[in-house]
>>> print(open('protein-v4.cif').read())   # mmCIF, C-alpha atoms and all ligand atoms
data_target
#
loop_
_atom_site.label_atom_id
_atom_site.label_comp_id
_atom_site.auth_asym_id
_atom_site.auth_seq_id
_atom_site.Cartn_x
_atom_site.Cartn_y
_atom_site.Cartn_z
CA MET E 1 7.15 -24.51 -0.79
CA SER E 2 7.49 -20.81 -1.35
CA ASN E 3 9.99 -18.96 0.78
CA ILE E 4 10.35 -15.37 -0.26
CA VAL E 5 12.93 -12.73 0.44
CA LEU E 6 11.52 -9.23 0.21
CA VAL E 7 14.00 -6.41 -0.35
CA GLY E 8 13.87 -2.68 -0.94
CA ALA E 9 15.15 -1.83 -4.43
CA GLN E 10 15.97 1.83 -3.72
CA TRP E 11 17.06 3.80 -0.62
CA GLY E 12 14.52 2.32 1.79
CA ASP E 13 11.01 3.62 2.50
CA GLU E 14 9.71 1.88 -0.62
CA GLY E 15 6.46 0.93 1.13
CA LYS E 16 7.69 -2.51 2.15
CA GLY E 17 5.52 -2.56 5.30
CA LYS E 18 2.31 -2.61 3.30
CA ILE E 19 3.49 -5.28 0.84
CA ILE E 20 4.81 -7.44 3.68
CA ASP E 21 1.49 -7.11 5.48
CA ILE E 22 -0.41 -8.30 2.41
CA LEU E 23 1.87 -11.29 1.94
CA THR E 24 1.85 -12.28 5.63
CA ASP E 25 -1.64 -13.62 5.10
CA ARG E 26 -0.13 -16.30 2.86
CA VAL E 27 2.89 -17.34 4.95
CA ASP E 28 3.50 -19.12 8.27
CA PHE E 29 6.60 -17.20 9.42
CA VAL E 30 7.81 -13.63 8.97
CA VAL E 31 11.48 -13.05 9.78
CA ARG E 32 13.64 -9.96 10.21
CA SER E 33 17.26 -10.66 9.30
CA GLN E 34 19.07 -7.32 9.59
CA GLY E 35 18.94 -3.74 10.77
CA GLY E 36 17.25 -2.66 13.96
CA ALA E 37 14.96 0.06 15.18
CA ASN E 38 16.26 2.33 12.39
CA ALA E 39 13.55 0.68 10.27
CA GLY E 40 9.97 1.87 10.37
CA HIS E 41 7.42 -0.30 8.59
CA THR E 42 4.02 1.33 8.39
CA VAL E 43 0.95 -0.89 8.06
CA ARG E 44 -2.56 0.48 7.76
CA ILE E 45 -5.48 -1.77 8.66
CA GLY E 46 -8.82 -0.06 8.17
CA GLU E 47 -8.48 3.26 9.92
CA GLU E 48 -5.77 2.00 12.27
CA GLU E 49 -2.09 2.58 11.59
CA PHE E 50 0.78 0.56 13.04
CA VAL E 51 4.45 1.54 12.76
CA LEU E 52 6.78 -1.36 13.50
CA HIS E 53 10.48 -0.83 14.07
CA LEU E 54 11.79 -4.14 15.38
CA ILE E 55 8.95 -6.62 15.44
CA PRO E 56 8.19 -8.26 12.09
CA SER E 57 5.01 -7.01 10.41
CA GLY E 58 3.53 -10.54 10.56
CA ILE E 59 2.63 -9.87 14.21
CA LEU E 60 -0.58 -8.23 13.02
CA ARG E 61 -1.90 -11.58 11.70
CA VAL E 62 -3.19 -14.05 14.26
CA LYS E 63 -1.66 -17.24 12.85
CA THR E 64 1.70 -15.91 11.72
CA LYS E 65 4.82 -16.58 13.77
CA CYS E 66 7.46 -13.86 13.88
CA ILE E 67 11.19 -14.16 14.29
CA ILE E 68 13.86 -11.57 14.99
CA GLY E 69 16.92 -13.23 13.49
CA ASN E 70 20.56 -13.27 14.53
CA GLY E 71 21.44 -10.51 12.04
CA VAL E 72 19.26 -7.91 13.77
CA VAL E 73 20.61 -5.50 16.39
CA ILE E 74 18.07 -5.18 19.20
CA GLU E 75 17.45 -2.13 21.35
CA PRO E 76 15.52 -3.68 24.28
CA HIS E 77 13.80 -0.48 25.36
CA THR E 78 12.27 -0.05 21.87
CA LEU E 79 11.43 -3.76 21.73
CA PHE E 80 9.38 -3.67 24.94
CA GLU E 81 7.82 -0.34 24.10
CA GLU E 82 6.67 -1.86 20.82
CA ILE E 83 5.39 -5.03 22.50
CA GLU E 84 3.47 -3.00 25.11
CA ASN E 85 1.99 -0.74 22.45
CA LEU E 86 0.83 -3.70 20.35
CA VAL E 87 -0.64 -5.52 23.36
CA SER E 88 -2.50 -2.37 24.44
CA ARG E 89 -4.04 -2.28 20.95
CA GLY E 90 -5.28 -5.85 21.21
CA ILE E 91 -2.46 -7.69 19.39
CA ALA E 92 -1.51 -10.87 21.25
CA ILE E 93 2.23 -11.44 21.71
CA ASP E 94 3.17 -14.70 23.31
CA ASP E 95 4.31 -17.80 21.52
CA ASN E 96 4.12 -15.99 18.18
CA LEU E 97 7.41 -14.11 18.68
CA TYR E 98 10.88 -15.62 18.91
CA ILE E 99 14.20 -13.81 19.19
CA SER E 100 17.52 -15.31 18.18
CA GLU E 101 19.93 -16.05 21.00
CA ALA E 102 22.72 -14.78 18.73
CA ALA E 103 21.20 -11.38 17.92
CA ASN E 104 23.37 -8.49 19.13
CA ILE E 105 22.09 -5.98 21.66
CA ILE E 106 22.25 -2.20 21.34
CA LEU E 107 23.57 -0.68 24.57
CA PRO E 108 23.40 2.95 25.72
CA TYR E 109 27.00 3.59 24.63
CA HIS E 110 26.12 2.66 21.04
CA LYS E 111 23.52 5.40 20.86
CA VAL E 112 25.80 8.00 22.45
CA LEU E 113 28.63 7.05 20.08
CA ASP E 114 26.30 7.22 17.06
CA VAL E 115 25.28 10.76 17.93
CA GLN E 116 28.81 11.89 18.87
CA ARG E 117 30.41 10.44 15.73
CA GLU E 118 27.87 12.28 13.59
CA LYS E 119 28.68 15.53 15.42
CA PHE E 120 32.39 14.88 14.94
CA LYS E 121 31.89 14.44 11.18
CA GLY E 122 30.12 17.81 10.92
CA GLU E 123 29.17 18.53 7.31
CA LYS E 124 30.32 15.08 6.27
CA LYS E 125 27.82 13.36 8.56
CA ILE E 126 25.90 10.32 7.27
CA GLY E 127 22.56 11.50 8.62
CA THR E 128 22.01 8.34 10.67
CA THR E 129 18.82 7.68 12.61
CA GLY E 130 20.81 8.03 15.87
CA ARG E 131 19.67 4.59 17.03
CA GLY E 132 23.16 3.20 17.63
CA ILE E 133 23.05 0.91 14.59
CA SER E 134 26.55 1.37 13.18
CA PRO E 135 28.34 1.31 16.59
CA ALA E 136 26.50 -1.92 17.47
CA TYR E 137 27.47 -3.64 14.19
CA ARG E 138 31.01 -2.30 14.65
CA ASP E 139 31.21 -4.12 17.98
CA LYS E 140 29.72 -7.26 16.44
CA VAL E 141 32.40 -7.53 13.77
CA GLY E 142 35.01 -6.27 16.25
CA TYR E 143 34.31 -9.34 18.48
CA SER E 144 32.98 -7.31 21.38
CA GLY E 145 29.25 -7.51 20.73
CA ILE E 146 26.86 -8.56 23.48
CA ARG E 147 24.19 -11.05 22.42
CA THR E 148 20.69 -11.65 23.78
CA ILE E 149 21.87 -14.92 25.33
CA ASP E 150 24.53 -13.03 27.34
CA LEU E 151 21.79 -11.08 29.11
CA LEU E 152 20.62 -14.36 30.65
CA ASN E 153 24.00 -14.98 32.29
CA PRO E 154 24.86 -12.17 34.75
CA GLU E 155 28.50 -13.24 35.12
CA VAL E 156 29.20 -13.29 31.40
CA PHE E 157 27.27 -10.08 30.84
CA ARG E 158 29.12 -8.28 33.65
CA GLN E 159 32.50 -9.31 32.28
CA LYS E 160 31.72 -8.25 28.69
CA LEU E 161 30.07 -5.02 29.75
CA HIS E 162 33.01 -4.13 31.97
CA MET E 163 35.56 -4.66 29.18
CA ASN E 164 33.48 -2.73 26.66
CA LEU E 165 32.69 0.15 28.94
CA MET E 166 36.34 0.66 29.88
CA GLU E 167 37.07 1.31 26.21
CA LYS E 168 33.88 3.23 25.42
CA ASN E 169 34.22 5.55 28.40
CA LEU E 170 37.72 6.44 27.28
CA LEU E 171 36.35 7.30 23.86
CA LEU E 172 33.47 9.27 25.30
CA THR E 173 35.53 11.32 27.73
CA ARG E 174 38.83 11.74 25.87
CA ILE E 175 37.75 11.99 22.24
CA TYR E 176 34.18 13.22 22.33
CA GLU E 177 34.46 15.05 25.65
CA VAL E 178 31.13 13.90 27.06
CA GLU E 179 30.18 12.26 30.36
CA PRO E 180 31.13 8.60 30.94
CA LEU E 181 28.38 6.00 31.40
CA ASP E 182 27.75 4.13 34.63
CA GLU E 183 28.42 0.39 34.51
CA ASP E 184 26.11 -0.63 37.37
CA GLU E 185 23.21 1.34 35.99
CA ILE E 186 23.51 -0.34 32.58
CA PHE E 187 24.05 -3.74 34.17
CA ASP E 188 20.88 -3.54 36.28
CA GLU E 189 18.75 -2.19 33.45
CA TYR E 190 19.90 -4.80 30.92
CA ILE E 191 19.72 -7.77 33.30
CA GLU E 192 16.09 -6.80 33.81
CA TYR E 193 15.57 -6.65 30.05
CA GLY E 194 17.17 -10.10 29.78
CA GLY E 195 14.67 -11.47 32.31
CA ARG E 196 11.79 -10.06 30.28
CA MET E 197 13.25 -11.24 26.98
CA LYS E 198 13.95 -14.80 28.18
CA LYS E 199 10.62 -16.24 27.13
CA TYR E 200 11.21 -15.16 23.53
CA ILE E 201 14.87 -16.21 23.17
CA ARG E 202 15.42 -19.35 21.08
CA ASN E 203 17.68 -21.08 18.55
CA THR E 204 15.73 -19.46 15.74
CA SER E 205 17.81 -20.99 12.94
CA LYS E 206 16.69 -24.43 14.16
CA ILE E 207 13.04 -23.35 14.39
CA LEU E 208 13.13 -21.94 10.87
CA ASN E 209 14.91 -24.88 9.28
CA GLU E 210 12.49 -27.32 10.91
CA ALA E 211 9.60 -25.20 9.68
CA VAL E 212 11.01 -25.18 6.14
CA ALA E 213 11.51 -28.97 6.26
CA ASP E 214 7.86 -29.21 7.33
CA GLY E 215 6.71 -27.34 4.24
CA LYS E 216 5.89 -24.12 6.09
CA ARG E 217 6.23 -20.85 4.17
CA VAL E 218 8.63 -18.15 5.27
CA LEU E 219 8.76 -14.48 4.34
CA PHE E 220 12.07 -12.74 4.99
CA GLU E 221 11.22 -9.11 5.70
CA GLY E 222 13.98 -6.84 4.44
CA ALA E 223 14.55 -3.48 6.09
CA GLN E 224 16.08 -0.36 4.51
CA GLY E 225 16.97 -0.77 0.83
CA THR E 226 19.64 -1.98 -1.59
CA LEU E 227 21.26 1.44 -1.98
CA LEU E 228 21.78 1.51 1.80
CA ASP E 229 23.52 -1.88 1.82
CA VAL E 230 26.92 -1.77 3.48
CA ASP E 231 28.56 -3.38 0.40
CA PHE E 232 26.32 -2.46 -2.52
CA GLY E 233 24.93 0.90 -1.46
CA THR E 234 26.18 4.45 -1.80
CA TYR E 235 28.99 3.81 0.69
CA PRO E 236 29.69 5.46 3.13
CA PHE E 237 26.15 6.90 3.00
CA VAL E 238 24.63 3.55 3.90
CA THR E 239 23.45 1.61 6.91
CA ALA E 240 25.69 -0.94 8.63
CA SER E 241 23.95 -4.17 7.60
CA SER E 242 23.44 -6.35 4.51
CA THR E 243 20.11 -5.09 3.25
CA THR E 244 20.39 -7.19 0.09
CA ALA E 245 18.93 -10.68 -0.39
CA GLY E 246 22.07 -12.50 0.79
CA GLY E 247 21.61 -10.90 4.21
CA ALA E 248 18.38 -12.88 4.62
CA CYS E 249 20.44 -16.09 4.81
CA THR E 250 23.34 -14.91 6.99
CA GLY E 251 20.93 -13.02 9.23
CA THR E 252 18.71 -16.02 9.97
CA GLY E 253 20.72 -19.21 9.48
CA VAL E 254 18.56 -20.43 6.59
CA GLY E 255 20.60 -21.56 3.58
CA PRO E 256 20.18 -20.11 0.06
CA SER E 257 18.90 -23.46 -1.27
CA HIS E 258 15.68 -22.81 0.70
CA ILE E 259 14.92 -19.48 -0.94
CA ASP E 260 12.45 -19.71 -3.83
CA LYS E 261 11.95 -16.12 -4.84
CA VAL E 262 13.28 -12.62 -4.34
CA LEU E 263 10.65 -9.89 -4.43
CA GLY E 264 11.87 -6.32 -4.86
CA VAL E 265 9.76 -3.39 -3.71
CA MET E 266 10.20 -0.08 -5.52
CA LYS E 267 8.39 3.21 -5.55
CA ALA E 268 7.07 4.71 -8.79
CA TYR E 269 9.57 7.52 -8.11
CA THR E 270 12.60 7.73 -5.79
CA THR E 271 13.16 8.95 -2.24
CA ARG E 272 15.94 8.93 0.32
CA VAL E 273 16.57 10.29 3.82
CA GLY E 274 19.95 11.27 5.21
CA SER E 275 22.97 12.50 3.28
CA GLY E 276 24.54 11.13 0.10
CA PRO E 277 24.31 11.37 -3.69
CA PHE E 278 20.90 11.20 -5.36
CA PRO E 279 21.17 11.85 -9.14
CA THR E 280 17.45 12.24 -9.93
CA GLU E 281 16.60 14.42 -6.92
CA PHE E 282 14.00 17.08 -7.75
CA THR E 283 14.97 20.71 -7.78
CA PRO E 284 12.45 22.75 -5.75
CA GLU E 285 10.71 24.06 -8.93
CA VAL E 286 9.70 20.58 -10.13
CA ASP E 287 9.15 18.88 -6.77
CA PHE E 288 5.44 17.99 -6.87
CA VAL E 289 5.44 15.63 -3.88
CA ASP E 290 3.36 16.93 -0.99
CA ARG E 291 5.32 15.51 1.96
CA LYS E 292 2.28 15.48 4.24
CA ARG E 293 -0.38 14.21 1.83
CA ASP E 294 1.95 11.69 0.21
CA ARG E 295 3.40 10.63 3.58
CA GLU E 296 7.00 11.33 2.69
CA TYR E 297 8.28 11.72 6.23
CA GLY E 298 10.62 9.13 7.77
CA ALA E 299 8.59 6.64 9.87
CA THR E 300 11.41 6.45 12.45
CA THR E 301 12.87 9.95 12.63
CA GLY E 302 10.07 12.12 11.21
CA ARG E 303 12.57 13.68 8.79
CA GLU E 304 11.31 14.98 5.46
CA ARG E 305 12.32 12.63 2.64
CA ARG E 306 14.26 13.85 -0.39
CA CYS E 307 12.29 13.03 -3.56
CA GLY E 308 13.15 12.57 -7.26
CA TRP E 309 12.23 10.81 -10.52
CA PHE E 310 12.42 7.05 -10.95
CA ASP E 311 16.01 5.94 -11.53
CA ALA E 312 16.35 2.77 -13.62
CA VAL E 313 20.15 2.69 -13.12
CA ILE E 314 19.86 2.11 -9.38
CA VAL E 315 16.99 -0.36 -9.70
CA ASN E 316 18.88 -2.34 -12.35
CA HIS E 317 21.76 -2.52 -9.88
CA ALA E 318 19.29 -3.73 -7.21
CA VAL E 319 17.84 -6.36 -9.55
CA ARG E 320 21.36 -7.65 -10.22
CA VAL E 321 22.80 -7.77 -6.70
CA ASN E 322 19.64 -9.25 -5.17
CA GLY E 323 18.63 -11.56 -8.00
CA ILE E 324 15.16 -9.98 -7.95
CA ASP E 325 12.57 -12.16 -9.78
CA THR E 326 9.51 -9.99 -9.37
CA ILE E 327 8.61 -6.45 -8.38
CA ALA E 328 5.96 -4.76 -6.26
CA LEU E 329 5.51 -1.18 -7.48
CA THR E 330 4.24 1.22 -4.82
CA LYS E 331 2.80 4.73 -4.61
CA LEU E 332 1.77 4.89 -8.26
CA ASP E 333 -1.08 7.19 -7.18
CA VAL E 334 1.39 9.93 -6.13
CA LEU E 335 2.02 10.53 -9.87
CA ASP E 336 -1.71 10.93 -10.64
CA ASN E 337 -1.50 14.69 -11.20
CA CYS E 338 1.66 14.85 -13.31
CA ASP E 339 1.41 16.15 -16.88
CA LYS E 340 4.70 14.52 -17.84
CA ILE E 341 6.72 11.90 -16.00
CA LYS E 342 10.46 11.46 -16.33
CA ILE E 343 12.40 8.22 -16.03
CA CYS E 344 16.18 8.16 -15.68
CA VAL E 345 17.42 5.52 -18.12
CA ALA E 346 21.18 6.17 -17.88
CA TYR E 347 23.72 8.63 -16.45
CA GLU E 348 26.00 10.95 -18.30
CA TYR E 349 29.49 11.11 -16.87
CA GLU E 350 32.22 13.25 -18.44
CA GLY E 351 30.53 13.10 -21.85
CA ASN E 352 29.91 9.33 -21.73
CA LYS E 353 26.66 7.50 -21.17
CA ILE E 354 26.78 4.88 -18.41
CA THR E 355 24.13 2.40 -17.35
CA ASP E 356 26.06 0.51 -14.64
CA PHE E 357 25.71 1.95 -11.16
CA PRO E 358 29.14 3.40 -10.23
CA PHE E 359 30.67 2.23 -6.94
CA ASP E 360 32.90 5.31 -6.81
CA MET E 361 30.87 8.01 -5.08
CA SER E 362 33.02 10.77 -6.56
CA VAL E 363 31.83 9.52 -9.97
CA LEU E 364 28.19 9.17 -8.90
CA GLU E 365 28.23 12.71 -7.53
CA LYS E 366 29.16 14.01 -11.00
CA CYS E 367 26.62 11.91 -12.91
CA THR E 368 23.68 13.68 -14.48
CA PRO E 369 20.54 11.71 -15.37
CA VAL E 370 19.58 10.94 -18.95
CA TYR E 371 15.79 11.15 -18.99
CA GLU E 372 13.03 9.68 -21.06
CA GLU E 373 9.71 11.49 -20.79
CA MET E 374 6.26 9.90 -20.72
CA GLU E 375 2.71 11.23 -20.71
CA GLY E 376 1.02 11.41 -17.32
CA TRP E 377 -2.52 10.03 -16.86
CA LYS E 378 -4.08 12.90 -14.89
CA ARG E 379 -6.67 10.59 -13.32
CA GLU E 380 -7.15 9.26 -9.83
CA THR E 381 -5.95 5.67 -9.49
CA LYS E 382 -6.50 5.06 -5.77
CA ASN E 383 -9.77 3.13 -6.20
CA ILE E 384 -8.71 0.97 -9.13
CA LEU E 385 -8.70 -2.74 -8.30
CA LYS E 386 -7.73 -4.33 -11.62
CA TYR E 387 -4.74 -3.83 -13.88
CA LYS E 388 -6.93 -3.52 -16.97
CA ASP E 389 -8.82 -0.60 -15.38
CA LEU E 390 -5.70 1.55 -14.97
CA PRO E 391 -5.49 4.57 -17.32
CA LYS E 392 -3.66 3.68 -20.54
CA GLN E 393 -0.75 6.02 -19.75
CA ALA E 394 -0.32 4.44 -16.29
CA GLY E 395 -0.17 1.01 -17.95
CA ASN E 396 2.42 2.37 -20.41
CA TYR E 397 4.50 3.74 -17.54
CA ILE E 398 4.44 0.42 -15.65
CA GLN E 399 5.26 -1.45 -18.85
CA ARG E 400 8.22 0.83 -19.57
CA LEU E 401 9.61 0.48 -16.04
CA SER E 402 9.32 -3.28 -16.31
CA GLU E 403 11.18 -3.25 -19.67
CA LEU E 404 13.93 -1.00 -18.34
CA ILE E 405 14.62 -3.23 -15.33
CA ASP E 406 13.92 -6.42 -17.26
CA THR E 407 11.72 -7.77 -14.47
CA PRO E 408 7.97 -8.38 -14.22
CA ILE E 409 5.92 -6.03 -12.05
CA ASP E 410 3.38 -8.31 -10.40
CA ILE E 411 1.96 -6.13 -7.61
CA ILE E 412 0.92 -2.49 -7.92
CA SER E 413 -0.01 -0.41 -4.90
CA VAL E 414 -2.19 2.69 -5.32
CA GLY E 415 -2.70 3.68 -1.68
CA SER E 416 -1.78 2.77 1.87
CA LYS E 417 -4.75 0.48 2.60
CA ARG E 418 -4.62 -3.29 2.12
CA SER E 419 -7.46 -3.03 -0.40
CA GLN E 420 -5.59 -0.53 -2.60
CA THR E 421 -3.50 -3.23 -4.22
CA ILE E 422 -3.58 -4.61 -7.76
CA PHE E 423 -2.26 -8.13 -8.27
CA ALA E 424 -1.09 -8.83 -11.78
CA LYS E 425 -0.02 -12.33 -10.65
CA GLU E 426 -0.07 -14.50 -7.53
CA ILE E 427 3.32 -14.23 -5.87
CA ILE E 428 3.07 -17.01 -3.31
CA LYS E 429 1.61 -20.30 -4.43
P1 LIG K 1 21.65 4.28 10.40
O1 LIG K 1 21.05 3.03 9.84
O2 LIG K 1 20.83 4.87 11.51
O3 LIG K 1 23.08 4.11 10.76
O4 LIG K 1 21.61 5.38 9.24
C1 LIG K 1 22.43 5.29 8.07
C2 LIG K 1 21.68 5.80 6.84
O5 LIG K 1 20.62 4.90 6.52
C3 LIG K 1 21.02 7.17 7.00
O6 LIG K 1 21.06 7.84 5.75
C4 LIG K 1 19.59 6.85 7.34
O7 LIG K 1 18.71 7.88 6.99
C5 LIG K 1 19.39 5.61 6.47
N1 LIG K 1 18.35 4.70 6.98
C6 LIG K 1 18.45 3.85 8.00
N2 LIG K 1 17.32 3.15 8.16
C7 LIG K 1 16.48 3.57 7.21
C8 LIG K 1 15.15 3.20 6.82
O8 LIG K 1 14.51 2.32 7.41
N3 LIG K 1 14.64 3.85 5.74
C9 LIG K 1 15.33 4.79 5.05
N4 LIG K 1 16.58 5.16 5.36
C10 LIG K 1 17.15 4.56 6.43
#
>>> encode(input="protein-v4.cif", output="structure tokens")
Amino acid sequence: MSNIVLVGAQWGDEGKGKIIDILTDRVDFVVRSQGGANAGHTVRIGEEEFVLHLIPSGILRVKTKCIIGNGVVIEPHTLFEEIENLVSRGIAIDDNLYISEAANIILPYHKVLDVQREKFKGEKKIGTTGRGISPAYRDKVGYSGIRTIDLLNPEVFRQKLHMNLMEKNLLLTRIYEVEPLDEDEIFDEYIEYGGRMKKYIRNTSKILNEAVADGKRVLFEGAQGTLLDVDFGTYPFVTASSTTAGGACTGTGVGPSHIDKVLGVMKAYTTRVGSGPFPTEFTPEVDFVDRKRDREYGATTGRERRCGWFDAVIVNHAVRVNGIDTIALTKLDVLDNCDKIKICVAYEYEGNKITDFPFDMSVLEKCTPVYEEMEGWKRETKNILKYKDLPKQAGNYIQRLSELIDTPIDIISVGSKRSQTIFAKEIIK
């Protein structure tokens, strides 16, 4: 058996979509356990590009079954838009997609509240994707969430919606001073969604545990990244879910004893979107990343990503809190033209060197990176297929990153295509 949890080791956008796509060939199930349509996993197959927000990337493989687990928050409009788009491009979606009956639903008031709360915060805004993620998780832990299964029972749905909307409309009109939402309109729209969703809704924890008992292989597809985790990220500049490896269990109903490996995905440098501290962020004079060529725009919001040097402090933190066993290193080719490459090996804070990621954001904001500098390779790497064929300096860089995070780097990606991948070791046996 080989059940793998894949997590982002930085602030999301590590190139997980491509790595997941490569691994889906070797697994039977691909499962999303957290987040929602705030994610955007880009997969390139030949000349075709697919961006998946809610549906697991395994959908692009004929034999792979996909599950949206209980920990995900589902925006039905996006779900059906994505299904229709995939079907129109020749991807079959039928008995290869299951949705947990316990997954929470994103309703129109969640999106309005997300946008209004951000406006209310002004300069202190989080920079959310505006998809209603945090308000939906807030309702889930506040015992007023609406689950997929509720959409199949008009009486239950009506009662929950009515209660929720009474409260939300007060917030919308009295606090945020915007128009209230219409209960009947939402009811009709979402009952229709429920009817369309019915064929996918299942007890997905049971399906997965039976599959595991049967020796089937499961890939848990993490969304966002460790530094956006609601507990271990740069709080409050985080997303509302558990993006770390533990979330794969609570978000699917598969116990930790069934997980064999945790694979971390990290970029050869660092990026983030939205607000929040970022110690190694480039100043404009040294920022060599061409946002268009290097595809550093958010796959969901189209926002330009902030870019900086590789930060070993944050990745060490990610290795620790996820129990990462092995790493996939992505976008090495973006560094091809650098003369010198910097790696942040520690932070300096009030005259002291620290290597543990600080939980106190007022400390992190004052940290300055301690850099080590390495020679660049100044050669194109995008067509290299074997580790031994990489330029010596690129090998040195990979080796040094691996030493600093004390974890083997077993996959190296040098471009967005499936073929532009170097395997130092087989991950799934
Ligand atoms: P939310 O998840 O929309 O609430 O956004 C909270 C923070 O997480 C913001 O800084 C977003 O930019 C960031 N975020 C959410 N999803 C992603 C993602 O898939 N990749 C990168 N950043 C994300």
>>> axis_aligned_box(input="protein-v4.cif", around="ligand LIG 1 (chain K)", padding_each_side="8 Å", output="lines of an AutoDock Vina configuration file")
center_x = 18.8
center_y = 5.1
center_z = 8.3
size_x = 24.6
size_y = 21.6
size_z = 22.5
>>> closest_residue(input="protein-v4.cif", among="E:Val7, E:Cys338, E:Ile105, E:Val363", to="ligand LIG 1 (chain K)", atoms="all atoms listed in the file")
E:Val7
>>> atom_distance(input="protein-v4.cif", atom1="atom CA of E:Arg306", atom2="atom CA of E:Phe278")
8.7 Å
>>> atom_distance(input="protein-v4.cif", atom1="atom CA of E:Ile343", atom2="atom CA of E:Glu372")
5.3 Å
>>> residues_around(input="protein-v4.cif", residues="E:Val72", least_positions_apart="6", cutoff="10 Å", atoms="only C-alpha atoms", output="PyMOL selection string")
chain E and resi 32-37+54+99-100+102-106+133+137+241+251-252
>>> residues_near_ligand(input="protein-v4.cif", ligand="ligand LIG 1 (chain K)", cutoff="9 Å", atoms="all atoms listed in the file", output="ChimeraX atom specification")
/E:11-14,35-41,53,114,126-135,223-225,228-229,236-241,271-276,298-301,303,305
>>> closest_residue(input="protein-v4.cif", among="E:Lys366, E:Lys378, E:Lys342, E:Arg26", to="E:Arg400", atoms="all atoms listed in the file")
E:Lys342
>>> atom_distance(input="protein-v4.cif", atom1="atom CA of E:Ile67", atom2="atom CA of E:Leu97")
5.8 Å
>>> closest_residue(input="protein-v4.cif", among="E:Leu172, E:Val31, E:Ile186, E:Ile314", to="E:Arg158", atoms="all atoms listed in the file")
E:Ile186
>>> residues_around(input="protein-v4.cif", residues="E:Leu385", least_positions_apart="5", cutoff="10 Å", atoms="only C-alpha atoms", output="PyMOL selection string")
chain E and resi 390+412-414+419-423
>>> residues_around(input="protein-v4.cif", residues="stretch 163-168 of chain E", least_positions_apart="5", cutoff="9 Å", atoms="only C-alpha atoms", output="ChimeraX atom specification")
/E:109-110,113,144-145,158,173,180-183
>>> residues_around(input="protein-v4.cif", residues="stretch 151-154 of chain E", least_positions_apart="3", cutoff="9 Å", atoms="only C-alpha atoms", output="number ranges by chain")
E: 146-148, 157-159, 187, 190-195, 197-198
>>> closest_residue(input="protein-v4.cif", among="E:Asp406, E:Asn322, E:Asn3, E:Val115", to="E:Gly255", atoms="only C-alpha atoms")
E:Asn3
>>> residues_around(input="protein-v4.cif", residues="E:Val218", least_positions_apart="6", cutoff="9 Å", atoms="all atoms listed in the file", output="list in words")
Met1, Ser2, Asn3, Ile4, Val5, Thr24, Val27, Asp28, Phe29, Val30, Val31, Leu208, Ala211, Val212 and Ile259 of chain E
